[in-house]
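The next block is upload01.txt, given as compact mmCIF, C-alpha atoms.
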# COMPACT_ATOMS: atom_id res chain seq x y z
CA MET A 1 21.43 -11.49 2.15
CA LYS A 2 21.04 -14.84 0.51
CA ARG A 3 22.95 -17.81 1.75
CA LYS A 4 24.28 -20.37 -0.68
CA ALA A 5 22.09 -23.41 -0.54
CA ARG A 6 23.24 -26.95 -0.02
CA GLY A 7 21.86 -29.79 -2.06
CA ALA A 8 19.35 -32.15 -0.55
CA GLY A 9 20.94 -34.42 2.01
CA GLU A 10 24.26 -32.60 1.89
CA GLN A 11 26.22 -31.64 4.99
CA ALA A 12 28.29 -28.46 5.39
CA ASP A 13 31.41 -30.48 4.54
CA GLY A 14 29.83 -31.85 1.36
CA THR A 15 29.21 -35.37 2.69
CA GLU A 16 25.84 -37.04 2.39
CA ASN A 17 23.54 -36.79 5.35
CA TRP A 18 21.74 -39.80 6.83
CA TYR A 19 18.39 -38.84 5.39
CA THR A 20 17.35 -38.87 1.76
CA GLY A 21 14.51 -37.48 -0.27
CA PRO A 22 13.51 -34.00 -1.40
CA ALA A 23 15.17 -30.97 0.14
CA TRP A 24 14.05 -29.62 3.50
CA ARG A 25 11.89 -27.03 1.82
CA ASP A 26 11.31 -28.01 -1.78
CA ARG A 27 12.82 -29.97 -4.57
CA ASP A 28 15.32 -27.36 -5.68
CA GLY A 29 17.13 -27.54 -2.35
CA ARG A 30 17.03 -23.82 -1.61
CA ALA A 31 17.93 -22.61 1.84
CA ALA A 32 16.15 -19.88 3.74
CA ARG A 33 16.10 -16.43 2.21
CA ARG A 34 17.41 -13.65 4.39
CA ARG A 35 17.17 -9.94 3.94
CA LYS A 36 19.68 -8.29 6.22
CA ARG A 37 18.45 -4.89 7.24
CA ILE A 38 21.23 -2.51 8.10
CA ARG A 39 20.63 0.50 10.28
CA ILE A 40 18.93 3.66 9.42
CA GLY A 41 20.70 6.46 11.09
CA VAL A 42 19.23 9.46 12.72
CA ALA A 43 18.86 13.07 12.23
CA ALA A 44 18.26 13.93 15.76
CA VAL A 45 18.03 10.49 17.10
CA ILE A 46 19.14 7.22 15.70
CA VAL A 47 17.74 4.34 13.92
CA ALA A 48 18.70 0.86 14.35
CA ALA A 49 19.90 -2.42 13.03
CA GLY A 50 17.49 -3.01 10.46
CA VAL A 51 15.71 0.21 10.56
CA VAL A 52 14.82 3.81 11.20
CA THR A 53 15.47 6.53 13.68
CA ILE A 54 14.03 9.57 15.20
CA ALA A 55 14.33 13.08 14.03
CA VAL A 56 11.97 14.41 16.58
CA ASN A 57 12.27 15.49 20.16
CA PRO A 58 10.87 12.80 22.44
CA GLY A 59 9.64 15.64 24.59
CA ASP A 60 7.59 16.94 21.67
CA ILE A 61 6.47 13.71 20.06
CA ARG A 62 3.28 14.11 18.15
CA SER A 63 0.75 11.37 18.41
CA LYS A 64 -1.61 10.42 15.67
CA LEU A 65 -4.26 9.23 18.04
CA PRO A 66 -7.70 10.67 18.22
CA GLY A 67 -8.17 12.33 21.55
CA LEU A 68 -6.51 14.94 23.69
CA ALA A 69 -3.52 15.02 25.98
CA GLY A 70 -3.62 15.81 29.66
CA GLY A 71 -6.07 13.13 30.74
CA ASP A 72 -8.88 13.96 28.31
CA ALA A 73 -10.75 11.23 26.48
CA VAL A 74 -8.85 8.95 24.11
CA ALA A 75 -10.42 6.48 21.70
CA GLY A 76 -10.62 2.87 22.84
CA PRO A 77 -8.47 -0.09 21.76
CA LEU A 78 -8.16 -0.79 18.07
CA PRO A 79 -9.96 -3.82 16.62
CA ALA A 80 -7.72 -6.68 15.53
CA GLU A 81 -5.81 -6.05 12.32
CA THR A 82 -7.04 -8.42 9.60
CA ALA A 83 -5.49 -6.72 6.55
CA ALA A 84 -2.92 -4.08 5.76
CA PRO A 85 -4.21 -0.63 6.76
CA GLY A 86 -4.88 1.78 3.93
CA SER A 87 -2.71 4.50 5.43
CA ALA A 88 -0.76 5.58 8.49
CA PRO A 89 -2.71 6.38 11.69
CA ALA A 90 -4.77 9.55 11.30
CA ASP A 91 -2.84 12.76 11.95
CA GLU A 92 -4.76 14.14 14.90
CA ALA A 93 -1.59 15.32 16.58
CA PHE A 94 -1.21 16.64 20.09
CA PRO A 95 1.91 17.17 22.17
CA ALA A 96 2.53 14.51 24.77
CA THR A 97 5.60 13.40 26.66
CA PRO A 98 6.00 9.74 27.67
CA THR A 99 6.46 9.26 31.42
CA LEU A 100 6.99 6.34 33.78
CA LYS A 101 3.28 6.54 34.58
CA GLU A 102 2.19 6.92 30.93
CA PRO A 103 4.97 5.40 28.80
CA PHE A 104 2.83 5.32 25.65
CA ALA A 105 1.60 8.92 25.86
CA GLY A 106 1.66 10.61 22.48
CA SER A 107 1.97 7.33 20.58
CA PRO A 108 -0.48 5.40 18.38
CA ALA A 109 0.64 2.38 20.42
CA LEU A 110 -1.60 3.62 23.21
CA ARG A 111 -4.41 1.83 21.39
CA TYR A 112 -2.41 -1.29 20.53
CA ALA A 113 -2.95 -4.56 22.36
CA ASP A 114 -0.78 -5.50 25.33
CA GLY A 115 2.00 -7.98 24.59
CA ALA A 116 1.01 -11.45 23.41
CA ALA A 117 -2.66 -10.42 23.27
CA GLY A 118 -1.77 -8.54 20.09
CA ILE A 119 -0.68 -11.73 18.29
CA VAL A 120 -3.93 -13.39 17.28
CA PRO A 121 -3.57 -16.37 14.91
CA PRO A 122 -6.33 -16.63 12.30
CA GLU A 123 -8.94 -19.36 12.41
CA ALA A 124 -7.35 -22.57 11.15
CA LYS A 125 -8.53 -24.64 8.21
CA ALA A 126 -7.06 -27.60 6.36
CA VAL A 127 -4.28 -26.72 3.91
CA GLY A 128 -2.77 -29.17 1.43
CA ARG A 129 -1.95 -32.36 3.31
CA LEU A 130 -2.31 -30.71 6.72
CA SER A 131 -5.54 -31.07 8.66
CA GLU A 132 -7.30 -28.22 10.41
CA GLY A 133 -5.86 -29.38 13.72
CA GLU A 134 -2.33 -29.55 12.31
CA VAL A 135 -2.65 -26.04 10.86
CA ALA A 136 -3.92 -24.74 14.21
CA ALA A 137 -0.85 -26.25 15.90
CA VAL A 138 1.50 -24.57 13.41
CA LEU A 139 -0.16 -21.19 13.96
CA ARG A 140 0.14 -21.67 17.70
CA HIS A 141 3.83 -22.49 17.36
CA ALA A 142 4.37 -19.42 15.16
CA LYS A 143 2.87 -17.25 17.89
CA GLU A 144 5.00 -18.94 20.55
CA LEU A 145 8.14 -18.21 18.56
CA LEU A 146 7.20 -14.56 18.04
CA VAL A 147 6.34 -14.14 21.72
CA ASP A 148 9.60 -15.67 22.95
CA ALA A 149 11.65 -13.73 20.39
CA ASN A 150 10.07 -10.32 21.02
CA LEU A 151 8.13 -10.26 24.30
CA ASN A 152 9.72 -12.66 26.76
CA PRO A 153 11.41 -10.52 29.47
CA ARG A 154 14.38 -12.90 29.51
CA THR A 155 14.92 -12.45 25.78
CA LEU A 156 14.51 -8.69 26.07
CA ARG A 157 17.28 -8.48 28.66
CA GLY A 158 19.67 -10.42 26.45
CA GLU A 159 19.24 -14.01 27.60
CA ARG A 160 19.08 -16.96 25.22
CA PRO A 161 15.62 -17.28 23.57
CA ALA A 162 15.46 -21.01 24.20
CA ALA A 163 11.78 -21.54 23.34
CA ALA A 164 12.07 -19.72 20.01
CA LEU A 165 15.23 -21.60 19.05
CA ASP A 166 13.62 -24.91 19.93
CA LEU A 167 10.78 -24.22 17.50
CA VAL A 168 13.15 -23.82 14.51
CA ASP A 169 13.36 -27.00 12.44
CA PRO A 170 16.81 -28.57 12.99
CA LEU A 171 16.59 -30.05 9.48
CA GLN A 172 16.56 -26.60 7.88
CA PRO A 173 20.13 -26.32 6.58
CA GLY A 174 22.25 -24.24 8.92
CA MET A 175 19.48 -22.13 10.42
CA ARG A 176 19.62 -23.27 14.05
CA ARG A 177 23.40 -23.29 13.92
CA ASP A 178 23.50 -19.76 12.52
CA LEU A 179 21.08 -18.37 15.10
CA GLU A 180 23.11 -19.85 17.95
CA ALA A 181 26.31 -18.42 16.44
CA TRP A 182 24.79 -14.94 16.10
CA LEU A 183 23.77 -14.97 19.75
CA ALA A 184 27.18 -16.19 20.86
CA LYS A 185 29.18 -13.73 18.78
CA PRO A 186 27.15 -10.86 17.28
CA GLY A 187 28.50 -8.90 14.34
CA ARG A 188 27.51 -6.92 11.26
CA ASP A 189 26.82 -10.01 9.17
CA HIS A 190 25.56 -12.18 12.01
CA ASP A 191 23.29 -9.98 14.07
CA PRO A 192 20.78 -11.71 16.38
CA LEU A 193 18.59 -8.59 16.12
CA GLN A 194 17.53 -9.94 12.74
CA LEU A 195 15.13 -12.20 14.63
CA PHE A 196 15.31 -11.41 18.36
CA THR A 197 14.62 -8.19 20.27
CA ARG A 198 17.35 -7.60 22.88
CA PHE A 199 18.35 -4.67 25.09
CA ASP A 200 21.50 -4.37 27.18
CA PRO A 201 20.28 -4.39 30.82
CA ARG A 202 23.37 -2.42 31.81
CA GLU A 203 22.14 0.40 29.58
CA VAL A 204 18.33 0.48 29.78
CA ARG A 205 15.43 -1.10 31.64
CA PRO A 206 11.73 -1.38 30.75
CA ALA A 207 9.47 1.55 31.62
CA GLY A 208 6.71 -0.61 33.04
CA ASP A 209 5.62 -4.16 32.33
CA ILE A 210 3.87 -3.67 28.98
CA VAL A 211 5.08 -3.91 25.40
CA LYS A 212 2.47 -2.84 22.86
CA THR A 213 1.81 -5.10 19.86
CA ARG A 214 0.00 -4.58 16.57
CA GLY A 215 -0.11 -6.76 13.46
CA ARG A 216 -1.54 -9.79 11.77
CA MET A 217 -0.83 -13.39 10.82
CA THR A 218 -2.06 -15.09 7.65
CA PHE A 219 -1.53 -18.45 6.02
CA LYS A 220 -2.00 -20.13 2.67
CA GLU A 221 -1.01 -23.23 0.76
CA GLY A 222 2.50 -22.94 -0.61
CA ARG A 223 4.31 -25.05 -3.16
CA ASP A 224 3.90 -28.80 -3.08
CA GLY A 225 1.16 -28.56 -0.47
CA ALA A 226 3.30 -26.83 2.16
CA LEU A 227 1.73 -24.52 4.73
CA ALA A 228 3.10 -20.98 4.37
CA VAL A 229 2.57 -18.62 7.34
CA HIS A 230 3.16 -14.86 7.09
CA ALA A 231 3.53 -12.73 10.23
CA ASP A 232 3.81 -8.92 10.21
CA TYR A 233 3.97 -7.27 13.66
CA THR A 234 5.04 -4.00 15.22
CA PHE A 235 6.28 -3.97 18.82
CA VAL A 236 6.66 -0.78 20.86
CA TYR A 237 9.11 -0.83 23.78
CA PRO A 238 9.21 2.03 26.33
CA VAL A 239 12.49 2.19 28.25
CA VAL A 240 14.47 4.33 30.67
CA ARG A 241 18.16 4.35 31.42
CA ALA A 242 19.32 1.61 33.76
CA ALA A 243 20.82 4.11 36.20
CA GLN A 244 19.02 4.33 39.53
CA GLY A 245 16.53 7.19 39.59
CA ALA A 246 16.41 7.59 35.80
CA SER A 247 13.04 8.92 34.70
CA GLU A 248 13.29 10.04 31.05
CA VAL A 249 11.24 7.63 28.95
CA THR A 250 11.89 6.95 25.29
CA ARG A 251 10.56 4.27 22.95
CA THR A 252 12.02 1.91 20.38
CA VAL A 253 9.63 0.68 17.68
CA VAL A 254 10.39 -2.65 16.04
CA ARG A 255 8.53 -4.01 13.03
CA ARG A 256 9.13 -7.60 12.01
CA VAL A 257 7.99 -9.59 9.01
CA VAL A 258 8.65 -13.30 9.45
CA ASP A 259 7.58 -16.09 7.11
CA PHE A 260 7.41 -19.71 8.19
CA GLU A 261 6.92 -22.87 6.17
CA VAL A 262 5.86 -26.36 7.20
CA ASN A 263 6.17 -29.28 4.80
CA ASP A 264 4.65 -32.74 4.92
CA PRO A 265 7.33 -34.80 6.74
CA GLU A 266 6.29 -37.89 4.76
CA ARG A 267 7.35 -36.20 1.52
CA PHE A 268 10.00 -33.69 2.56
CA GLN A 269 12.78 -33.32 5.09
CA ALA A 270 10.88 -31.70 7.94
CA THR A 271 10.52 -32.23 11.67
CA PRO A 272 6.94 -32.51 12.98
CA GLY A 273 6.10 -29.65 15.33
CA LYS A 274 8.95 -27.42 14.08
CA LEU A 275 9.03 -24.37 11.80
CA ALA A 276 11.27 -23.49 8.86
CA LEU A 277 12.12 -19.79 8.48
CA THR A 278 11.90 -18.55 4.90
CA ARG A 279 12.08 -14.80 5.50
CA TYR A 280 12.86 -12.44 8.36
CA ASP A 281 12.92 -8.69 7.81
CA SER A 282 13.04 -6.08 10.54
CA ASP A 283 12.99 -2.32 10.99
CA PHE A 284 13.96 -0.50 14.19
CA ALA A 285 13.07 3.09 15.04
CA ASN A 286 15.16 4.92 17.64
CA ASN A 287 18.21 2.75 17.90
CA ALA A 288 21.90 3.55 17.46
CA CYS A 289 23.12 3.29 13.90
CA GLU A 290 25.99 1.02 12.87
CA VAL A 291 26.31 -0.77 16.20
CA TYR A 292 26.53 -4.56 15.93
CA ASP A 293 26.84 -5.90 19.46
CA GLY A 294 23.55 -7.81 19.40
CA PHE A 295 21.57 -5.21 21.39
CA LEU A 296 19.21 -2.37 20.56
CA HIS A 297 20.44 1.00 21.85
CA PRO A 298 17.56 3.47 22.34
CA GLN A 299 18.52 7.12 22.07
CA PHE A 300 17.50 9.68 24.69
CA GLN A 301 16.96 13.41 24.29
CA ASP A 302 20.12 14.45 26.09
CA GLY A 303 22.33 11.90 24.38
CA ARG A 304 21.63 12.38 20.69
CA PRO A 305 24.42 12.67 18.18
CA GLY A 306 24.40 15.32 15.49
CA PRO A 307 22.57 14.90 12.17
CA MET A 308 23.87 12.01 10.06
CA THR A 309 20.97 10.89 7.94
CA SER A 310 20.90 9.82 4.32
CA GLY A 311 17.44 8.34 3.90
CA PRO A 312 13.90 9.66 3.70
CA GLU A 313 11.77 10.32 6.75
CA VAL A 314 9.76 7.28 7.83
CA ASP A 315 6.77 6.84 10.11
CA PRO A 316 7.42 3.63 12.11
CA TYR A 317 3.70 3.35 12.89
CA ASP A 318 2.72 3.26 9.23
CA ARG A 319 1.79 -0.36 8.64
CA SER A 320 0.24 0.30 5.25
CA LYS A 321 3.57 -0.11 3.46
CA GLU A 322 5.58 -3.25 2.89
CA LEU A 323 9.17 -3.39 4.15
CA SER A 324 11.23 -2.59 1.07
CA GLU A 325 14.36 -4.43 -0.02
CA ASP A 326 16.67 -1.55 0.90
CA ALA A 327 14.76 0.01 3.80
CA GLY A 328 17.56 -0.71 6.23
CA SER A 329 20.49 -0.06 3.92
CA ARG A 330 21.18 3.47 5.18
CA CYS A 331 20.60 5.76 8.10
CA GLY A 332 17.49 7.89 8.02
CA THR A 333 14.99 9.62 10.25
CA VAL A 334 11.57 8.85 11.64
CA SER A 335 8.74 11.27 12.10
CA ARG A 336 7.75 10.03 15.57
CA ILE A 337 8.30 7.30 18.11

Reformat the file's structure so that it appears as structure tokens.
Amino acid sequence: MKRKARGAGEQADGTENWYTGPAWRDRDGRAARRRKRIRIGVAAVIVAAGVVTIAVNPGDIRSKLPGLAGGDAVAGPLPAETAAPGSAPADEAFPATPTLKEPFAGSPALRYADGAAGIVPPEAKAVGRLSEGEVAAVLRHAKELLVDANLNPRTLRGERPAAALDLVDPLQPGMRRDLEAWLAKPGRDHDPLQLFTRFDPREVRPAGDIVKTRGRMTFKEGRDGALAVHADYTFVYPVVRAAQGASEVTRTVVRRVVDFEVNDPERFQATPGKLALTRYDSDFANNACEVYDGFLHPQFQDGRPGPMTSGPEVDPYDRSKELSEDAGSRCGTVSRI
């Protein structure tokens, strides 16, 4: 969804702001681009706000990891991702059921990095008018925002992602205001899941302390010497029902593509140390379709609805493909979680 842009220095009510000069991002005064990803429904499970769902039985999930189930040898951790993979993880399938002790059993995420360790900014170098040190600081801030938005336990249980919000440039027209409004009153057209990962603690709780992370961050010089940062990460969340004694483990897989931009504050309307969001796309595998309450709703084996899919089957672990414009426009199925 694209939001109508305001002219440089223009307030929401049309009055002139106190600052002057080129627009916050560039001289044409465009606001941030948004692609709203609607849910992808499920065939035997459900997909979520911005993405896909499961059509497989969590008790018969097939992993694409090399190795064997039942405690036999499994290949070691994957090296850091520096470019888009050429294909989905190799199909060396074996049956494996996730458990409280082994919540990533049967999943390629078994070889992903743990949490924030999977977000590795690239080596910084000077870009445009920004020095190497300034670029390094921007990359560090981009990681901090991603971590708070997707890995902070407080954010995951539905609390306000204060650190992430504080890193968004207040001079970017409407962005901070919109994010706060989405969190305060979620809805179909103002869903905080577009940027933040949140579960309802009354419904589910984490199965362990680890979220698996896989992806990459790159940067380049954008227009007018701006620094453009591109982040593409997949997060894998194992959960169980919140009820005492619950033991069935399922997983929700979230892929996010977020682009940031930092302009020279001497030439453009920008706040030093803050980030402008220029894109945020997201796909969710194994999440209830057409629910807009601001939370992900993982589906469990004994609580699945009947078939209701309309899209093609998708592998949420396939990072070789870009997120398409209409990937979240309908309910579909996923091949595994």

I'd like the neighbourhood of stretch 109-118 of chain A as number ranges by chain, where a residue qualifies if any of its atoms comes within 6 Å (using only C-alpha atoms), though same-chain residues fewer than 3 positions away should be ignored. A: 77-78, 104, 211-214

Can I get the selected residues back with C-alpha atoms, as an mmCIF file, keeping the file's coordinate frame?
data_model
loop_
_atom_site.group_PDB
_atom_site.id
_atom_site.type_symbol
_atom_site.label_atom_id
_atom_site.label_comp_id
_atom_site.auth_asym_id
_atom_site.auth_seq_id
_atom_site.Cartn_x
_atom_site.Cartn_y
_atom_site.Cartn_z
ATOM 1 C CA PRO A 77 -8.470 -0.090 21.760
ATOM 2 C CA LEU A 78 -8.160 -0.790 18.070
ATOM 3 C CA PHE A 104 2.830 5.320 25.650
ATOM 4 C CA VAL A 211 5.080 -3.910 25.400
ATOM 5 C CA LYS A 212 2.470 -2.840 22.860
ATOM 6 C CA THR A 213 1.810 -5.100 19.860
ATOM 7 C CA ARG A 214 0.000 -4.580 16.570
#

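A straight line drawn from atom CA of A:Pro122 to atom CA of A:Lys274 is 18.8 Å long.
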
How far is it from atom CA of A:Arg319 to atom CA of A:Arg251, in Å with one decimal?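 According to the coordinates, atom CA of A:Arg319 and atom CA of A:Arg251 are separated by 17.4 Å.
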
For a test of reading the model, state the distance in Å between atom CA of A:Thr82 and atom CA of A:His230, rounded to one decimal. 12.3 Å

Which polymer residues, whether protein, DNA or RNA, lie within 6 Å of the coordinate (27.3, -7.8, 17.8) when you count all atoms listed in the file? List them as a list in words, using the chain letters and numbers from the file. Pro186, Gly187, Asp191, Tyr292, Asp293 and Gly294 of chain A

Of the candidates A:Asn287, A:Gln172, A:Thr271, A:Thr155, which one gets nearest to A:Val334 if we count only C-alpha atoms?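 With only C-alpha atoms as the atom set, the closest residue is A:Asn287.
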
Selected residue of minimal separation from A:Arg154 among A:Arg198, A:Ala83, A:Arg177, A:Arg256, counting only C-alpha atoms: A:Arg198

May I have the residues at most 6 Å from (12.8, -14.4, 7.8) in the file's coordinates, counting only C-alpha atoms, as JSON, numbers by chain? {"A": [34, 258, 259, 277, 278, 279, 280, 281]}

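The nearest approach to A:Arg129 among the residues A:Ser247, A:Thr234, A:Asn152, A:Asn263, with only C-alpha atoms taken into account, belongs to A:Asn263.
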
Nearest to A:Leu183: which of A:Asp169, A:Glu313, A:Phe295, A:Phe219 is it, counting all atoms listed in the file?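 Counting all atoms listed in the file, the residue closest to A:Leu183 is A:Phe295.
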